[in-house]
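Contents: one structure, followed by commentary.
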Amino acid sequence: MTGRTLRLSRLRRVVPEGRGGRARRRGAQPKVVALGGGMGLSASLAALRRITGDLTAVVTVADDGGSSGRLRDELGVLPPGDLRKALAALCGDDDWGQTWSRVIQHRFQSQGDLHDHAVGNLLIVALWEQLGDHVQALDLVGRLLGAHGRVLPMSAVPLELQALVKGHDPEHPDEIGTVRGQATVALTRGEVQSVHLVPNDPPAVPEAVAAVLDADWVVLGPGSWFSSVIPHLLVPELLDALTETKARRVLSLNLAPQPGETEGFSPQRHLEVLGRHAPKLALDVVLADEAAVPDRALLNEAAQRFGAAVELAPVARTDGTPRHDPELLAAAYDRIFRMHGRIGPWR
């Protein structure tokens with residue numbers, strides 16, 4: 001038995017009975033784990049908190065740009081930015097929640113060293129230094145904000161995202177080279193072939209693995225495909241948990257290709273590259289906006305390779321921007337949980 005398998009086995013033994021897809025009492029809420037980063041995860045969390053009070057976000061920690069990158073370089077800490085965004089998305093719609101959401105998202109504007117630092121980033125890093133525990137500190141921030149859920153990093157070590165990119169140098173469009181750093185990968189003008197993490201076998205946060213094993217539903221995406229979604233599949237213990245969990249798994253597709261990272265990608269190509277990075281991953285449902293799928297037959301074919309059904313629903317805002325509407329996305333998730341769950345309605 002490998003060390004990784006042994007650790008996963010130990011975590012599996014602590015999952016309480018009656019969880020992870022087993023029978024629940026009537027009226028209980030679904031336990032949902034959402035994986036991702038950035039604005040895509042924020043959109044998913046803003047929707048999911050409307051339909052369940054048992055919600056955990058597992059967040060990528062490979063950001064190296066902006067305020068997060070500066071704190072990471074100066075202090076050697078995890079990049080806090082995506083964790084902050086997830087906490088803000090979990091804030092309630094009351095005055096307390098919306099006030100704290102604005103506060104932690106506030107960025108200083110100055111001519112000095114504080115310029116563009118987010119208040120929430122500084123708060124999270126201060127608590128990490130005070131408490132010496134990533135999870136305990138994030139739980140404390142969540143209580144302060146009245147967050148409707150829990151936020152966990154996917155790994156306790158800062159990660160570097162590296163990508164093999166074709167044509168990153170426009171003068172050599174057919175050349176494949178290595179691009180380093182999440183911020184650079186997200187803005188590349190070339191075609192991303194694959195991504196990997198450094199270190200290449202990072203430890204998962206145990207609480208994140210346990211949450212996945214204990215879930216009824218796991219939601220992956222939407223978000224930046226190569227820099228926010230796929231990295232979760234590159235943490236071996238987390239991928240093992242995603243493969244072995246009894247939870248149902250739903251993949252939420254983006255509303256449009258992302259300039260640079262997935263320029264020109266069809267919905268089915270998003271699935272194809274996901275499969276190349278995690279060929280053993282199975283899915284139950286692929287959720288897409290009906291207006292963003294030009295060829296449903298091709299998407300169905302790609303989803304079937306994961307064992308998944310395709311659910312189309314209007315989930316985009318009506319202002320023409322490629323952003324998810326929290327209420328519409330919540331309705332889509334609620335319908336999926338009810339139609340595809342093993343145990344019928346929770347409410």
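Residue numbering restarts at 1 in every chain; chains get A, B, ... in the order shown in the structure tokens, and ligands count up from 1 in that same order.
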
If we count only C-alpha atoms, what is near stretch 279-283 of chain A at a cut-off of 12 Å, once residues fewer than 5 positions away on the same chain are taken out, given as a PyMOL selection string?
chain A and resi 217-220+230+232-234+238-252+271-274+302-310+340

Give me the residues near A:Ser194 as a list in words, where near means some atom within 12 Å (using only C-alpha atoms) and where sequence neighbours in that chain fewer than 5 positions away do not count.
Leu161, Gln162, Ala163, Leu164, Val165, Lys166, Ile176, Gly177, Thr178, Val179, Val185, Trp225, Phe226, Ser227, Ile230, Pro231, Leu234, Glu261, Thr262, Glu272, Val273, Leu274, Gly275, Arg276, His277 and Ala278 of chain A

Skipping near chain neighbours, those fewer than 3 positions away, what residues fall within 12 Å of A:Asp64 using only C-alpha atoms, listed as a VMD selection string?
chain A and resid 60 to 61 67 to 74 76 to 82 158 to 162 180 to 186 227

Top pick for closest residue to A:Leu255, considering A:Asp93, A:Asp284, A:Asp63, A:Asp325 and counting only C-alpha atoms:
A:Asp325

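Across the model, the gap from atom CA of A:Leu187 to atom CA of A:Ala46 is 25.9 Å.
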
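For A:His106, the residues within 8 Å (counting only C-alpha atoms, excluding itself and residues fewer than 5 positions away along the chain) are Ala118, Val119 and Gly120 of chain A.
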
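Secondary structure by DSSP on the backbone puts the following residues of stretch 284-347 of chain A in helix (DSSP H, G or I): A:Glu290, A:Ala291, A:Ala292, A:Arg296, A:Ala297, A:Leu298, A:Leu299, A:Asn300, A:Glu301, A:Ala302, A:Ala303, A:Gln304, A:Pro326, A:Glu327, A:Leu328, A:Leu329, A:Ala330, A:Ala331, A:Ala332, A:Tyr333, A:Asp334, A:Arg335, A:Ile336, A:Phe337, A:Arg338, A:Met339, A:His340.
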
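Rounded to one decimal, atom CA of A:Asp54 and atom CA of A:Lys31 lie 5.0 Å from each other.
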
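Restricting the calculation to only C-alpha atoms, the smallest distance between A:His270 and any of A:Pro199, A:Gly223, A:Gly320, A:Pro173 is found for A:Gly223.
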
Run DSSP on the backbone and give me the residues of stretch 74-179 of chain A it puts in strand (DSSP E or B), as number ranges by chain.
A: 107, 118, 150-153, 155, 160-166, 176-179

Selected residues written out with N, CA, C and O atoms, as a compact mmCIF listing (two decimals), in the first residue's frame:
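Now in again-v3.txt:
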# COMPACT_ATOMS: atom_id res chain seq x y z
N ARG A 107 -9.84 47.28 -2.06
CA ARG A 107 -8.42 47.42 -2.37
C ARG A 107 -7.96 48.84 -2.09
O ARG A 107 -8.62 49.81 -2.47
N ALA A 118 -5.65 43.90 -1.18
CA ALA A 118 -7.02 43.72 -0.73
C ALA A 118 -7.04 43.54 0.78
O ALA A 118 -6.20 42.81 1.35
N ARG A 150 -17.96 26.82 4.34
CA ARG A 150 -16.57 26.75 4.79
C ARG A 150 -15.65 26.86 3.58
O ARG A 150 -15.97 26.37 2.49
N VAL A 151 -14.47 27.49 3.77
CA VAL A 151 -13.50 27.65 2.70
C VAL A 151 -12.19 26.97 3.11
O VAL A 151 -11.66 27.23 4.20
N LEU A 152 -11.69 26.10 2.22
CA LEU A 152 -10.45 25.37 2.47
C LEU A 152 -9.51 25.50 1.28
O LEU A 152 -9.96 25.50 0.14
N PRO A 153 -8.20 25.60 1.52
CA PRO A 153 -7.25 25.52 0.41
C PRO A 153 -7.11 24.07 -0.03
O PRO A 153 -7.25 23.15 0.78
N SER A 155 -4.35 22.70 -1.04
CA SER A 155 -3.06 22.23 -0.55
C SER A 155 -2.54 23.25 0.44
O SER A 155 -2.90 24.43 0.39
N GLU A 160 3.14 26.23 -7.91
CA GLU A 160 3.41 26.94 -9.16
C GLU A 160 2.76 26.19 -10.30
O GLU A 160 2.93 24.97 -10.43
N LEU A 161 1.98 26.89 -11.10
CA LEU A 161 1.37 26.29 -12.28
C LEU A 161 2.31 26.46 -13.46
O LEU A 161 2.80 27.56 -13.73
N GLN A 162 2.56 25.38 -14.17
CA GLN A 162 3.35 25.42 -15.39
C GLN A 162 2.54 24.81 -16.52
O GLN A 162 1.76 23.87 -16.31
N ALA A 163 2.73 25.34 -17.72
CA ALA A 163 1.95 24.86 -18.87
C ALA A 163 2.86 24.65 -20.07
O ALA A 163 3.83 25.40 -20.27
N LEU A 164 2.53 23.64 -20.83
CA LEU A 164 3.13 23.48 -22.16
C LEU A 164 2.24 24.22 -23.14
O LEU A 164 1.04 23.92 -23.25
N VAL A 165 2.81 25.21 -23.82
CA VAL A 165 2.02 26.11 -24.67
C VAL A 165 2.61 26.14 -26.07
O VAL A 165 3.82 26.33 -26.23
N LYS A 166 1.75 25.95 -27.04
CA LYS A 166 2.17 26.04 -28.43
C LYS A 166 1.96 27.47 -28.91
O LYS A 166 0.86 28.01 -28.81
N ILE A 176 6.54 24.54 -29.11
CA ILE A 176 5.93 24.28 -27.81
C ILE A 176 6.96 24.55 -26.72
O ILE A 176 8.06 23.99 -26.75
N GLY A 177 6.59 25.43 -25.80
CA GLY A 177 7.50 25.77 -24.71
C GLY A 177 6.77 25.77 -23.38
O GLY A 177 5.55 25.66 -23.31
N THR A 178 7.54 25.88 -22.30
CA THR A 178 6.99 25.88 -20.95
C THR A 178 6.74 27.31 -20.49
O THR A 178 7.63 28.16 -20.57
N VAL A 179 5.53 27.56 -20.03
CA VAL A 179 5.15 28.86 -19.47
C VAL A 179 4.92 28.67 -17.98
O VAL A 179 4.21 27.74 -17.56

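Nearest to A:Val205 of all the residues A:Ala331, A:Ala297, A:Val59, A:Val33 is A:Val59, counting only C-alpha atoms.
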
Using atom CA of A:Leu328 and atom CA of A:Val293 as the two end points, give the distance in Å to one decimal.
17.1 Å

Env of A:His168: 7 Å cut, atoms = only C-alpha atoms, seq-sep filter 5 positions within chain, self excluded. Answer as a ChimeraX atom specification.
/A:188-190

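For the set A:Gly167, A:Ser110, A:Leu45, A:Ile124, the residue with the smallest atom-to-atom gap to A:Leu140 is A:Ile124, counting only C-alpha atoms.
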
Ranking A:Val212, A:Ala316, A:Leu131, A:Met339 by minimum distance to A:Leu55 and counting only C-alpha atoms, which one comes first?
A:Val212

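In this comparison, which uses only C-alpha atoms, the residue of A:Pro203, A:Pro170, A:Pro257, A:Gly97 approaching A:Leu144 most closely is A:Gly97.
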